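Pasting input_19.csv here (CSV, C-alpha atoms):
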```csv
chain,number,residue,atom,x,y,z
A,9,MET,CA,-21.1,24.6,4.3
A,10,ARG,CA,-24.7,25.8,4.0
A,11,LYS,CA,-26.9,26.2,7.0
A,12,ARG,CA,-29.9,23.9,7.0
A,13,GLY,CA,-33.1,23.7,8.9
A,14,PRO,CA,-35.3,20.8,9.8
A,15,THR,CA,-37.3,19.2,7.1
A,16,PRO,CA,-40.4,16.9,7.3
A,17,LEU,CA,-38.4,14.0,6.0
A,18,SER,CA,-35.2,14.0,8.1
A,19,ASN,CA,-34.8,10.2,8.7
A,20,ALA,CA,-32.9,8.2,6.2
A,21,HIS,CA,-34.9,5.0,7.1
A,22,ALA,CA,-38.0,6.5,5.6
A,23,ARG,CA,-36.4,7.6,2.3
A,24,ALA,CA,-36.6,5.9,-1.0
A,25,ARG,CA,-34.0,6.5,-3.7
A,26,PHE,CA,-33.0,5.0,-7.0
A,27,MET,CA,-30.6,2.1,-6.8
A,28,VAL,CA,-27.5,1.2,-8.8
A,29,PRO,CA,-26.6,-2.5,-9.5
A,30,ALA,CA,-23.4,-3.7,-7.9
A,31,LEU,CA,-20.6,-6.1,-8.9
A,32,ALA,CA,-19.9,-8.1,-5.8
A,33,LYS,CA,-16.7,-9.7,-4.7
A,34,ALA,CA,-17.1,-12.2,-1.8
A,35,LEU,CA,-14.4,-12.4,0.8
A,36,ALA,CA,-14.0,-15.3,3.2
A,37,LEU,CA,-13.5,-14.2,6.8
A,38,ALA,CA,-11.4,-15.7,9.5
A,39,HIS,CA,-14.5,-17.1,11.3
A,40,GLY,CA,-15.7,-18.8,8.1
A,41,SER,CA,-18.4,-16.3,7.1
A,42,ARG,CA,-18.3,-14.4,3.8
A,43,THR,CA,-18.6,-10.7,3.3
A,44,PRO,CA,-18.8,-9.2,-0.2
A,45,ALA,CA,-17.4,-5.8,-1.2
A,46,SER,CA,-19.8,-4.5,-3.8
A,47,PHE,CA,-18.4,-2.2,-6.4
A,48,VAL,CA,-20.8,0.2,-8.2
A,49,ARG,CA,-21.2,-0.1,-12.0
A,50,GLN,CA,-23.0,2.0,-14.6
A,51,ARG,CA,-23.5,0.7,-18.2
A,52,PHE,CA,-20.4,-1.5,-18.0
A,53,PRO,CA,-18.9,-3.2,-14.9
A,54,CYS,CA,-16.6,-0.7,-13.1
A,55,ARG,CA,-13.9,-2.9,-11.7
A,56,PRO,CA,-11.5,-1.3,-9.3
A,57,ALA,CA,-8.2,-0.3,-10.9
A,58,ASP,CA,-5.0,-0.1,-8.9
A,59,GLY,CA,-3.9,3.5,-8.2
A,60,VAL,CA,-7.4,4.9,-8.2
A,61,PRO,CA,-8.8,5.8,-4.7
A,62,VAL,CA,-11.4,3.4,-3.2
A,63,ILE,CA,-14.1,4.8,-1.0
A,64,LEU,CA,-15.7,2.1,1.1
A,65,MET,CA,-19.2,2.4,2.5
A,66,LEU,CA,-20.2,0.7,5.8
A,67,PRO,CA,-24.0,0.5,6.2
A,68,GLY,CA,-25.8,0.7,9.5
A,69,ILE,CA,-27.6,-2.1,11.4
A,70,ASN,CA,-30.0,-4.2,9.4
A,71,ASN,CA,-28.8,-2.5,6.2
A,72,ASP,CA,-26.8,-3.8,3.2
A,73,ALA,CA,-25.1,-2.4,0.2
A,74,ALA,CA,-28.4,-2.2,-1.8
A,75,PHE,CA,-30.0,0.2,0.6
A,76,PRO,CA,-30.9,3.5,-1.2
A,77,TYR,CA,-28.8,5.8,0.9
A,78,VAL,CA,-25.7,3.7,0.3
A,79,GLN,CA,-26.4,3.4,-3.4
A,80,HIS,CA,-26.9,7.1,-3.7
A,81,VAL,CA,-23.6,7.9,-2.1
A,82,MET,CA,-21.9,5.4,-4.4
A,83,ARG,CA,-23.4,7.0,-7.4
A,84,LEU,CA,-22.4,10.5,-6.2
A,85,VAL,CA,-18.8,9.5,-5.5
A,86,LEU,CA,-18.6,8.0,-9.0
A,87,ALA,CA,-20.2,11.0,-10.7
A,88,GLU,CA,-17.8,13.4,-8.8
A,89,GLY,CA,-14.8,11.5,-10.0
A,90,LEU,CA,-13.5,10.9,-6.5
A,91,GLY,CA,-12.6,7.3,-7.1
A,92,THR,CA,-14.1,3.8,-7.0
A,93,PRO,CA,-17.0,3.5,-4.6
A,94,ALA,CA,-17.5,0.2,-2.8
A,95,ALA,CA,-19.9,-1.1,-0.1
A,96,VAL,CA,-19.7,-3.8,2.5
A,97,ASN,CA,-22.4,-6.4,3.1
A,98,TRP,CA,-22.1,-7.5,6.8
A,99,ARG,CA,-22.2,-11.2,7.6
A,100,GLY,CA,-25.4,-12.9,6.1
A,101,LEU,CA,-26.8,-9.7,4.6
A,102,GLY,CA,-27.2,-8.8,1.0
A,103,GLY,CA,-28.5,-12.3,0.1
A,104,LEU,CA,-25.4,-14.1,1.3
A,105,PRO,CA,-25.6,-17.3,3.3
A,106,LEU,CA,-23.9,-17.7,6.6
A,107,SER,CA,-21.1,-20.3,6.8
A,108,ALA,CA,-18.5,-21.5,9.2
A,109,ALA,CA,-15.4,-23.6,8.9
A,110,GLY,CA,-15.4,-27.2,10.2
A,111,GLY,CA,-19.1,-27.4,10.7
A,112,ALA,CA,-19.1,-24.9,13.5
A,113,THR,CA,-22.1,-22.6,14.1
A,114,PRO,CA,-21.7,-19.4,12.0
A,115,LYS,CA,-21.3,-16.1,13.8
A,116,VAL,CA,-24.1,-13.6,12.9
A,117,TYR,CA,-23.3,-10.0,12.1
A,118,CYS,CA,-23.4,-7.5,15.0
A,119,GLY,CA,-21.3,-4.6,16.4
A,120,LEU,CA,-18.3,-6.9,16.7
A,121,GLY,CA,-17.4,-6.1,13.0
A,122,ALA,CA,-14.0,-4.3,13.5
A,123,PRO,CA,-12.0,-7.5,12.7
A,124,ASP,CA,-14.1,-8.1,9.6
A,125,LEU,CA,-13.4,-4.6,8.4
A,126,ALA,CA,-9.7,-5.1,9.1
A,127,GLU,CA,-9.7,-8.2,6.8
A,128,ILE,CA,-11.7,-6.4,4.1
A,129,LEU,CA,-9.1,-3.5,4.1
A,130,SER,CA,-6.2,-6.0,4.1
A,131,HIS,CA,-7.8,-7.7,1.1
A,132,LEU,CA,-8.2,-4.4,-0.7
A,133,ARG,CA,-4.6,-3.5,0.0
A,134,ARG,CA,-3.3,-6.7,-1.4
A,135,ARG,CA,-5.5,-6.4,-4.5
A,136,LEU,CA,-4.9,-2.7,-5.0
A,137,PRO,CA,-1.5,-1.9,-3.4
A,138,SER,CA,-1.3,1.6,-4.9
A,139,SER,CA,-4.8,2.8,-4.2
A,140,PRO,CA,-5.5,5.2,-1.3
A,141,LEU,CA,-8.4,3.8,0.8
A,142,TYR,CA,-11.1,5.9,2.4
A,143,ALA,CA,-14.3,4.9,4.2
A,144,VAL,CA,-17.6,6.3,5.4
A,145,GLY,CA,-19.8,4.5,8.0
A,146,TRP,CA,-23.4,5.1,9.2
A,147,SER,CA,-24.7,4.3,12.7
A,148,MET,CA,-23.4,0.8,13.6
A,149,GLY,CA,-21.1,1.0,10.5
A,150,GLY,CA,-19.7,4.2,11.9
A,151,CYS,CA,-19.0,2.6,15.3
A,152,ILE,CA,-17.2,-0.3,13.6
A,153,LEU,CA,-15.2,2.1,11.5
A,154,VAL,CA,-14.0,4.2,14.4
A,155,ARG,CA,-13.3,1.1,16.5
A,156,HIS,CA,-11.1,-0.3,13.8
A,157,MET,CA,-9.3,3.0,13.3
A,158,ALA,CA,-8.6,3.2,17.1
A,159,GLU,CA,-7.4,-0.4,17.3
A,160,ALA,CA,-5.2,0.0,14.2
A,161,GLY,CA,-3.7,3.3,15.2
A,162,GLU,CA,-0.8,4.3,13.1
A,163,GLY,CA,-1.1,1.1,11.2
A,164,CYS,CA,-4.6,1.9,9.8
A,165,GLU,CA,-4.8,1.3,6.1
A,166,LEU,CA,-7.3,4.2,5.7
A,167,ARG,CA,-6.1,7.6,4.6
A,168,ALA,CA,-9.2,9.3,6.1
A,169,ALA,CA,-12.8,8.5,7.1
A,170,MET,CA,-16.2,9.9,7.9
A,171,ALA,CA,-18.7,8.6,10.4
A,172,VAL,CA,-22.4,9.7,10.4
A,173,SER,CA,-24.5,9.3,13.5
A,174,PRO,CA,-22.1,6.7,15.0
A,175,ALA,CA,-23.2,4.7,18.0
A,176,LEU,CA,-19.8,4.9,19.7
A,177,ASP,CA,-20.9,4.1,23.3
A,178,VAL,CA,-23.1,1.1,22.8
A,179,SER,CA,-23.9,0.7,26.5
A,180,ALA,CA,-25.1,4.3,26.8
A,181,VAL,CA,-27.3,3.8,23.7
A,182,GLN,CA,-28.8,0.6,25.0
A,183,ARG,CA,-29.6,2.1,28.3
A,184,TYR,CA,-31.2,5.0,26.5
A,185,TRP,CA,-33.3,2.6,24.5
A,186,GLN,CA,-34.3,0.8,27.7
A,187,GLY,CA,-35.1,3.9,29.7
A,188,THR,CA,-37.2,6.1,27.4
A,189,PRO,CA,-40.5,5.4,25.6
A,190,VAL,CA,-39.0,6.6,22.2
A,191,GLY,CA,-35.9,4.5,22.8
A,192,ARG,CA,-37.9,1.4,23.6
A,193,LEU,CA,-39.8,1.8,20.3
A,194,TYR,CA,-36.6,2.1,18.3
A,195,GLY,CA,-35.1,-0.9,20.2
A,196,LEU,CA,-38.2,-3.1,19.4
A,197,ALA,CA,-38.2,-2.1,15.8
A,198,ILE,CA,-34.4,-2.8,15.4
A,199,GLY,CA,-34.8,-6.0,17.4
A,200,PHE,CA,-37.6,-7.3,15.2
A,201,LYS,CA,-35.6,-6.7,12.1
A,202,LEU,CA,-32.7,-8.7,13.7
A,203,TRP,CA,-35.1,-11.5,14.4
A,204,LEU,CA,-36.2,-11.6,10.7
A,205,TYR,CA,-32.5,-11.7,9.8
A,206,PHE,CA,-32.1,-14.7,12.2
A,207,LEU,CA,-35.2,-16.3,10.8
A,208,SER,CA,-33.8,-16.1,7.3
A,209,HIS,CA,-30.7,-18.0,8.4
A,210,ARG,CA,-32.4,-20.5,10.7
A,211,ARG,CA,-31.1,-23.5,8.6
A,212,GLU,CA,-27.5,-22.4,8.9
A,213,LEU,CA,-27.9,-21.7,12.6
A,214,ALA,CA,-29.8,-24.9,13.4
A,215,GLY,CA,-28.2,-27.0,16.1
A,216,GLY,CA,-26.4,-24.0,17.6
A,217,PRO,CA,-26.8,-22.4,21.0
A,218,VAL,CA,-29.6,-20.1,19.9
A,219,SER,CA,-33.0,-21.3,18.8
A,220,VAL,CA,-35.5,-19.3,16.7
A,221,TRP,CA,-37.7,-18.9,19.8
A,222,ARG,CA,-34.8,-17.6,21.9
A,223,ALA,CA,-33.9,-15.2,19.1
A,224,PHE,CA,-37.5,-14.0,19.2
A,225,LEU,CA,-37.3,-13.5,23.0
A,226,GLY,CA,-34.2,-11.4,22.3
A,227,VAL,CA,-36.5,-8.7,20.7
A,228,PHE,CA,-37.8,-8.0,24.2
A,229,ARG,CA,-35.1,-9.2,26.5
A,230,GLY,CA,-32.1,-7.9,24.5
A,231,TYR,CA,-30.2,-9.5,21.6
A,232,GLU,CA,-26.9,-9.1,23.4
A,233,ASP,CA,-27.7,-11.8,26.0
A,234,GLU,CA,-30.0,-13.9,24.0
A,235,VAL,CA,-28.2,-14.1,20.6
A,236,PHE,CA,-24.9,-12.2,20.3
A,237,ALA,CA,-23.2,-13.4,23.5
A,238,PRO,CA,-23.9,-17.2,22.9
A,239,LEU,CA,-22.9,-17.1,19.3
A,240,TRP,CA,-19.8,-15.1,19.8
A,241,GLY,CA,-18.7,-16.9,23.0
A,242,LEU,CA,-19.2,-13.9,25.3
A,243,SER,CA,-20.2,-13.8,28.9
A,244,GLY,CA,-23.1,-11.5,28.4
A,245,HIS,CA,-24.3,-8.0,27.4
A,246,GLU,CA,-21.6,-6.1,29.4
A,247,GLU,CA,-18.8,-7.8,27.6
A,248,TYR,CA,-20.5,-7.3,24.3
A,249,TRP,CA,-21.0,-3.6,24.9
A,250,ARG,CA,-17.4,-3.2,26.0
A,251,ARG,CA,-16.0,-5.0,22.9
A,252,CYS,CA,-18.2,-2.9,20.6
A,253,SER,CA,-17.9,0.5,22.1
A,254,VAL,CA,-15.4,3.3,21.4
A,255,GLY,CA,-14.8,5.0,24.7
A,256,GLU,CA,-12.5,7.8,25.7
A,257,GLU,CA,-9.3,5.8,25.8
A,258,LEU,CA,-9.9,4.2,22.4
A,259,VAL,CA,-11.0,7.4,20.6
A,260,ARG,CA,-7.7,9.0,21.6
A,261,ARG,CA,-5.9,6.3,19.6
A,262,VAL,CA,-7.4,7.3,16.2
A,263,ALA,CA,-4.4,8.4,14.1
A,264,ARG,CA,-6.0,9.2,10.8
A,265,PRO,CA,-8.2,12.1,9.8
A,266,LEU,CA,-11.8,11.4,10.9
A,267,LEU,CA,-14.9,13.6,10.4
A,268,VAL,CA,-17.8,12.8,12.7
A,269,VAL,CA,-21.2,14.3,11.9
A,270,HIS,CA,-24.0,13.9,14.5
A,271,ALA,CA,-27.4,15.7,15.1
A,272,ARG,CA,-28.6,16.9,18.5
A,273,ASP,CA,-32.1,15.7,17.6
A,274,ASP,CA,-30.9,12.1,16.8
A,275,PRO,CA,-33.7,9.9,18.3
A,276,VAL,CA,-31.7,6.7,18.1
A,277,VAL,CA,-28.2,7.6,19.2
A,278,PRO,CA,-28.3,10.6,21.6
A,279,VAL,CA,-25.5,13.1,21.2
A,280,TRP,CA,-24.6,13.0,24.9
A,281,SER,CA,-23.6,9.3,24.4
A,282,LEU,CA,-20.5,10.4,22.4
A,283,PRO,CA,-17.2,10.8,24.2
A,284,LEU,CA,-17.1,14.4,23.0
A,285,ALA,CA,-14.3,15.6,25.3
A,286,ALA,CA,-11.9,12.9,24.2
A,287,MET,CA,-12.8,13.4,20.5
A,288,ALA,CA,-12.1,17.2,20.9
A,289,SER,CA,-8.6,16.4,22.4
A,290,ASN,CA,-7.6,14.2,19.4
A,291,PRO,CA,-6.1,16.5,16.7
A,292,HIS,CA,-7.1,13.9,14.0
A,293,ILE,CA,-10.8,14.1,14.7
A,294,VAL,CA,-13.2,16.9,13.6
A,295,THR,CA,-16.7,16.7,15.1
A,296,ALA,CA,-19.6,18.5,13.6
A,297,ILE,CA,-22.7,18.7,15.8
A,298,THR,CA,-25.8,20.0,14.0
A,299,ARG,CA,-29.1,21.0,15.5
A,300,HIS,CA,-31.2,18.9,13.1
A,301,GLY,CA,-30.7,15.8,11.0
A,302,GLY,CA,-32.2,12.9,12.9
A,303,HIS,CA,-30.5,9.6,12.7
A,304,ILE,CA,-28.5,9.3,9.5
A,305,GLY,CA,-31.3,11.5,7.9
A,306,TYR,CA,-30.1,15.0,7.0
A,307,THR,CA,-32.6,15.3,4.1
A,308,ALA,CA,-31.5,18.1,1.9
A,309,GLY,CA,-34.8,19.6,0.6
A,310,ALA,CA,-38.4,18.8,0.6
A,311,THR,CA,-38.0,15.3,-0.9
A,312,PRO,CA,-35.6,12.5,0.1
A,313,LEU,CA,-34.9,11.9,-3.6
A,314,LEU,CA,-32.6,14.9,-3.6
A,315,GLY,CA,-30.2,13.1,-1.3
A,316,ALA,CA,-28.8,13.9,2.1
A,317,TRP,CA,-26.8,16.9,3.2
A,318,THR,CA,-24.1,14.6,4.6
A,319,ASP,CA,-23.6,13.2,1.1
A,320,ARG,CA,-22.4,16.6,-0.1
A,321,VAL,CA,-20.3,17.0,3.1
A,322,LEU,CA,-18.6,13.7,2.2
A,323,VAL,CA,-17.8,15.0,-1.3
A,324,HIS,CA,-16.3,18.3,0.1
A,325,TYR,CA,-14.4,16.4,2.8
A,326,LEU,CA,-12.9,13.9,0.3
A,327,ARG,CA,-11.9,16.7,-2.1
A,328,ALA,CA,-10.2,18.6,0.7
A,329,ILE,CA,-8.3,15.4,1.8
A,330,LEU,CA,-7.3,14.6,-1.8
A,331,ALA,CA,-6.2,18.2,-2.5
A,332,ARG,CA,-4.1,18.2,0.7
A,333,GLU,CA,-2.4,15.0,-0.3
A,334,GLU,CA,-1.7,16.3,-3.8
A,335,GLU,CA,-0.2,19.4,-2.4
A,336,ARG,CA,2.0,17.5,-0.1
A,337,GLU,CA,3.1,15.3,-3.0
A,338,GLY,CA,3.9,18.4,-5.0
A,339,ARG,CA,6.1,19.7,-2.2
A,340,GLU,CA,7.9,16.4,-2.0
A,341,GLN,CA,8.5,16.4,-5.7
A,342,GLY,CA,9.9,20.0,-5.5
A,343,GLU,CA,12.2,19.0,-2.7
A,344,MET,CA,13.4,16.0,-4.7
A,345,ARG,CA,14.1,18.2,-7.8
A,346,GLY,CA,15.9,20.7,-5.6
A,347,SER,CA,18.1,18.0,-4.2
A,348,GLY,CA,18.9,16.7,-7.7
A,349,CYS,CA,17.1,13.4,-7.1
A,350,ARG,CA,14.7,11.9,-9.6
A,351,ARG,CA,11.2,10.9,-8.3
A,352,LEU,CA,9.2,8.1,-9.9
A,353,PRO,CA,5.8,9.1,-11.4
A,354,THR,CA,2.9,9.2,-9.0
A,355,LEU,CA,0.9,6.0,-8.8
A,356,CYS,CA,-2.4,7.6,-8.0
A,357,GLU,CA,-4.3,10.0,-10.2
A,358,HIS,CA,-7.5,11.6,-8.7
A,359,SER,CA,-9.5,11.7,-11.9
A,360,LYS,CA,-12.8,10.5,-13.2
A,361,LEU,CA,-13.1,6.8,-13.9
```
Once you've parsed the file, please lay out its structure as structure tokens.
Amino acid sequence: MRKRGPTPLSNAHARARFMVPALAKALALAHGSRTPASFVRQRFPCRPADGVPVILMLPGINNDAAFPYVQHVMRLVLAEGLGTPAAVNWRGLGGLPLSAAGGATPKVYCGLGAPDLAEILSHLRRRLPSSPLYAVGWSMGGCILVRHMAEAGEGCELRAAMAVSPALDVSAVQRYWQGTPVGRLYGLAIGFKLWLYFLSHRRELAGGPVSVWRAFLGVFRGYEDEVFAPLWGLSGHEEYWRRCSVGEELVRRVARPLLVVHARDDPVVPVWSLPLAAMASNPHIVTAITRHGGHIGYTAGATPLLGAWTDRVLVHYLRAILAREEEREGREQGEMRGSGCRRLPTLCEHSKL
């Protein structure tokens, strides 16, 4: 990979890129909410075909499938012929209403999304039984991704995954936000966006344990205690942090290839918050720590319209994974021929759609 230096536009939140329309498939979740998986399309709808790899995008906090950095990666994956790109809209994002079964108060999206991801992957597996599944997650989406991989272990439906700037230790990140001037600014900005999200769903959440005023106070007091804990039935912020985070014990349980990319100058998720020693001890995890890149920024060039450096890293990573799987499949076919057995044709072709 090429070496890269800092650029004036290294933060993905400040970038603007062209967007691609999406074909959304809504999925009802166990708690009654709905999450769509949005599949990219060009001139004609590109519906996922069984046997073709699916690359699932997991956006960061306050982001949905229409965000430019997500759409850019979806376009790139399609253009490179790596498979069918898809993106997740977390609960209530992307224009979807919040809902709950039996008239209960809906549960808002937050870092407790690993069970939702498990349901989405199970849905894709039922619909596309022969398609290899891959995923890439940014920030909170990266944390949810790694948490799911750790909880699933050997039973994980994903063949491989990549996490960019993942907030693995949520408690350490929150304490950093509370204890530094820069962290407090980011915490307020993210909290205000969460309040706008709550405000947009005030009708669905009316009558529940959290009022609009309490949600607004959460911007300053912390959303964990004021919003997430009451709506998810938790005791408080400590339980929330524990159930979101991926600590040393959990990260050792990841059993699928995982590439983690993080920058030392990340102003939102400090690199010291990662369980680096445990990650290094897991043979399935490769960690790339760069000097520059910001938080999910990694601008490749003088303009953000050229895309992110991590977008190309994802392409190279997926190509390497796909090539290794094809090589292994070729060896298995040779062994079958050598033993006189006949092997059925492969169900997965890694070709352009």
Which polymer residues have any atom within 7 Å of an atom of segment 198-214 of chain A, counting all atoms listed in the file, with same-chain residues fewer than 5 positions away left out, as a list in words?
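Neighbouring residues, sequence-local ones excluded: Asn70, Leu106, Thr113, Pro114, Val220, Ala223, Phe224 and Val227 of chain A.
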Which value, in Å to one decimal, gives the distance between atom CA of Met287 of chain A and atom CA of Cys151 of chain A?
13.5 Å
Quick one: of A:Leu193, A:Ala331, A:Ile69, A:Ala87, who's nearest to Tyr117 of chain A, counting all atoms listed in the file?
A:Ile69
Would you work out the distance separating atom CA of Pro137 of chain A from atom CA of Gly100 of chain A, expressed in Å to one decimal?
28.0 Å
With all atoms listed in the file as the basis for distance, which of A:Leu84, A:Cys252, A:Val190, A:Ala180 is at the shortest distance from Pro283 of chain A?
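Closest to Pro283 of chain A of all the choices is A:Ala180.
Ranking A:Lys115, A:His292, A:Arg155, A:His245 by their shortest atom-to-atom distance to Gly216 of chain A, with only C-alpha atoms included, puts A:Lys115 first.
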Just want the 10 Å neighbourhood of Val62 of chain A, counted on all atoms listed in the file, with same-chain residues fewer than 3 positions away dropped. Output as a list in words.
Phe47, Pro56, Ala57, Asp58, Gly59, Met65, Val85, Leu90, Gly91, Thr92, Pro93, Ala94, Leu132, Leu136, Ser139, Pro140, Leu141, Tyr142, Ala143 and Leu166 of chain A
Please provide as a list in words all residues within 8 Å of Glu234 of chain A, with the sequence filter that same-chain residues fewer than 3 positions apart are discarded (counting only C-alpha atoms).
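Residues near the query, excluding close chain neighbours: Val218, Arg222, Ala223, Leu225, Gly226, Arg229, Gly230, Tyr231, Ala237 and Pro238 of chain A.
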Could you work out how far atom CA of Thr298 of chain A lies from atom CA of His270 of chain A, giving the answer in Å with one decimal?
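The value is 6.4 Å.
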Do a neighbour search on segment 168-174 of chain A at 8 Å with all atoms listed in the file, toss out local chain neighbours closer than 5 positions, and write the hits as an NGL selection string.
:A and (141-151 or 153-154 or 264-271 or 274 or 277 or 303-304 or 318 or 322 or 329)
Selected residues written out with C-alpha atoms, as a compact mmCIF listing (two decimals), keeping the file's coordinate frame:
```txt
# COMPACT_ATOMS: atom_id res chain seq x y z
CA LEU A 141 -8.40 3.80 0.80
CA TYR A 142 -11.10 5.90 2.40
CA ALA A 143 -14.30 4.90 4.20
CA VAL A 144 -17.60 6.30 5.40
CA GLY A 145 -19.80 4.50 8.00
CA TRP A 146 -23.40 5.10 9.20
CA SER A 147 -24.70 4.30 12.70
CA MET A 148 -23.40 0.80 13.60
CA GLY A 149 -21.10 1.00 10.50
CA GLY A 150 -19.70 4.20 11.90
CA CYS A 151 -19.00 2.60 15.30
CA LEU A 153 -15.20 2.10 11.50
CA VAL A 154 -14.00 4.20 14.40
CA ARG A 264 -6.00 9.20 10.80
CA PRO A 265 -8.20 12.10 9.80
CA LEU A 266 -11.80 11.40 10.90
CA LEU A 267 -14.90 13.60 10.40
CA VAL A 268 -17.80 12.80 12.70
CA VAL A 269 -21.20 14.30 11.90
CA HIS A 270 -24.00 13.90 14.50
CA ALA A 271 -27.40 15.70 15.10
CA ASP A 274 -30.90 12.10 16.80
CA VAL A 277 -28.20 7.60 19.20
CA HIS A 303 -30.50 9.60 12.70
CA ILE A 304 -28.50 9.30 9.50
CA THR A 318 -24.10 14.60 4.60
CA LEU A 322 -18.60 13.70 2.20
CA ILE A 329 -8.30 15.40 1.80
```
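You can rank A:Ser219, A:Gln182, A:Thr188, A:Ser253 by their closest distance to Leu239 of chain A using all atoms listed in the file, and at the top of that list sits A:Ser219.
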When distances are computed from only C-alpha atoms, which of A:Asp273, A:Glu88, A:Glu334, A:Asp72 shows the smallest separation from Gly305 of chain A?
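For Gly305 of chain A, the nearest of the candidates is A:Asp273.
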Selection: 9 Å around Trp240 of chain A, only C-alpha atoms, excl. self and same-chain fewer than 5 positions, as number ranges by chain:
A: 115-116, 120, 235
Select, from A:Leu129, A:Val323, A:Cys118, A:Val60, the residue with the minimum atom-to-atom distance to Met157 of chain A, counting only C-alpha atoms.
A:Leu129
Please produce segment 211-225 of chain A, completed to N, CA, C and O atoms, as a PDB file, in the coordinates of the input.
```pdb
ATOM      1  N   ARG A 211     -31.673 -22.206   9.040  1.00  0.00           N
ATOM      2  CA  ARG A 211     -31.100 -23.500   8.600  1.00  0.00           C
ATOM      3  C   ARG A 211     -29.599 -23.522   8.953  1.00  0.00           C
ATOM      4  O   ARG A 211     -29.086 -24.526   9.460  1.00  0.00           O
ATOM      5  N   GLU A 212     -28.898 -22.427   8.640  1.00  0.00           N
ATOM      6  CA  GLU A 212     -27.500 -22.400   8.900  1.00  0.00           C
ATOM      7  C   GLU A 212     -27.175 -22.393  10.406  1.00  0.00           C
ATOM      8  O   GLU A 212     -26.147 -22.895  10.854  1.00  0.00           O
ATOM      9  N   LEU A 213     -28.106 -21.817  11.201  1.00  0.00           N
ATOM     10  CA  LEU A 213     -27.900 -21.700  12.600  1.00  0.00           C
ATOM     11  C   LEU A 213     -28.517 -22.826  13.434  1.00  0.00           C
ATOM     12  O   LEU A 213     -28.401 -22.849  14.663  1.00  0.00           O
ATOM     13  N   ALA A 214     -29.181 -23.753  12.749  1.00  0.00           N
ATOM     14  CA  ALA A 214     -29.800 -24.900  13.400  1.00  0.00           C
ATOM     15  C   ALA A 214     -28.762 -25.720  14.149  1.00  0.00           C
ATOM     16  O   ALA A 214     -27.677 -25.970  13.640  1.00  0.00           O
ATOM     17  N   GLY A 215     -29.098 -26.165  15.363  1.00  0.00           N
ATOM     18  CA  GLY A 215     -28.200 -27.000  16.100  1.00  0.00           C
ATOM     19  C   GLY A 215     -27.191 -26.145  16.969  1.00  0.00           C
ATOM     20  O   GLY A 215     -26.411 -26.699  17.748  1.00  0.00           O
ATOM     21  N   GLY A 216     -27.239 -24.826  16.818  1.00  0.00           N
ATOM     22  CA  GLY A 216     -26.400 -24.000  17.600  1.00  0.00           C
ATOM     23  C   GLY A 216     -26.976 -23.611  18.940  1.00  0.00           C
ATOM     24  O   GLY A 216     -28.036 -24.132  19.328  1.00  0.00           O
ATOM     25  N   PRO A 217     -26.340 -22.725  19.681  1.00  0.00           N
ATOM     26  CA  PRO A 217     -26.800 -22.400  21.000  1.00  0.00           C
ATOM     27  C   PRO A 217     -28.046 -21.515  21.076  1.00  0.00           C
ATOM     28  O   PRO A 217     -28.610 -21.303  22.148  1.00  0.00           O
ATOM     29  N   VAL A 218     -28.487 -20.999  19.923  1.00  0.00           N
ATOM     30  CA  VAL A 218     -29.600 -20.100  19.900  1.00  0.00           C
ATOM     31  C   VAL A 218     -30.705 -20.615  18.982  1.00  0.00           C
ATOM     32  O   VAL A 218     -30.479 -20.828  17.793  1.00  0.00           O
ATOM     33  N   SER A 219     -31.889 -20.835  19.544  1.00  0.00           N
ATOM     34  CA  SER A 219     -33.000 -21.300  18.800  1.00  0.00           C
ATOM     35  C   SER A 219     -33.787 -20.095  18.193  1.00  0.00           C
ATOM     36  O   SER A 219     -33.567 -18.955  18.595  1.00  0.00           O
ATOM     37  N   VAL A 220     -34.691 -20.369  17.259  1.00  0.00           N
ATOM     38  CA  VAL A 220     -35.500 -19.300  16.700  1.00  0.00           C
ATOM     39  C   VAL A 220     -36.361 -18.651  17.797  1.00  0.00           C
ATOM     40  O   VAL A 220     -36.531 -17.426  17.825  1.00  0.00           O
ATOM     41  N   TRP A 221     -36.875 -19.478  18.729  1.00  0.00           N
ATOM     42  CA  TRP A 221     -37.700 -18.900  19.800  1.00  0.00           C
ATOM     43  C   TRP A 221     -36.852 -18.042  20.732  1.00  0.00           C
ATOM     44  O   TRP A 221     -37.289 -16.982  21.144  1.00  0.00           O
ATOM     45  N   ARG A 222     -35.638 -18.470  21.055  1.00  0.00           N
ATOM     46  CA  ARG A 222     -34.800 -17.600  21.900  1.00  0.00           C
ATOM     47  C   ARG A 222     -34.421 -16.339  21.194  1.00  0.00           C
ATOM     48  O   ARG A 222     -34.358 -15.285  21.824  1.00  0.00           O
ATOM     49  N   ALA A 223     -34.213 -16.409  19.877  1.00  0.00           N
ATOM     50  CA  ALA A 223     -33.900 -15.200  19.100  1.00  0.00           C
ATOM     51  C   ALA A 223     -35.126 -14.238  19.157  1.00  0.00           C
ATOM     52  O   ALA A 223     -34.968 -13.014  19.241  1.00  0.00           O
ATOM     53  N   PHE A 224     -36.323 -14.798  19.110  1.00  0.00           N
ATOM     54  CA  PHE A 224     -37.500 -14.000  19.200  1.00  0.00           C
ATOM     55  C   PHE A 224     -37.626 -13.304  20.564  1.00  0.00           C
ATOM     56  O   PHE A 224     -37.988 -12.119  20.674  1.00  0.00           O
ATOM     57  N   LEU A 225     -37.316 -14.039  21.616  1.00  0.00           N
ATOM     58  CA  LEU A 225     -37.300 -13.500  23.000  1.00  0.00           C
ATOM     59  C   LEU A 225     -36.304 -12.329  23.074  1.00  0.00           C
ATOM     60  O   LEU A 225     -36.485 -11.389  23.853  1.00  0.00           O
TER      61      LEU A 225
END
```
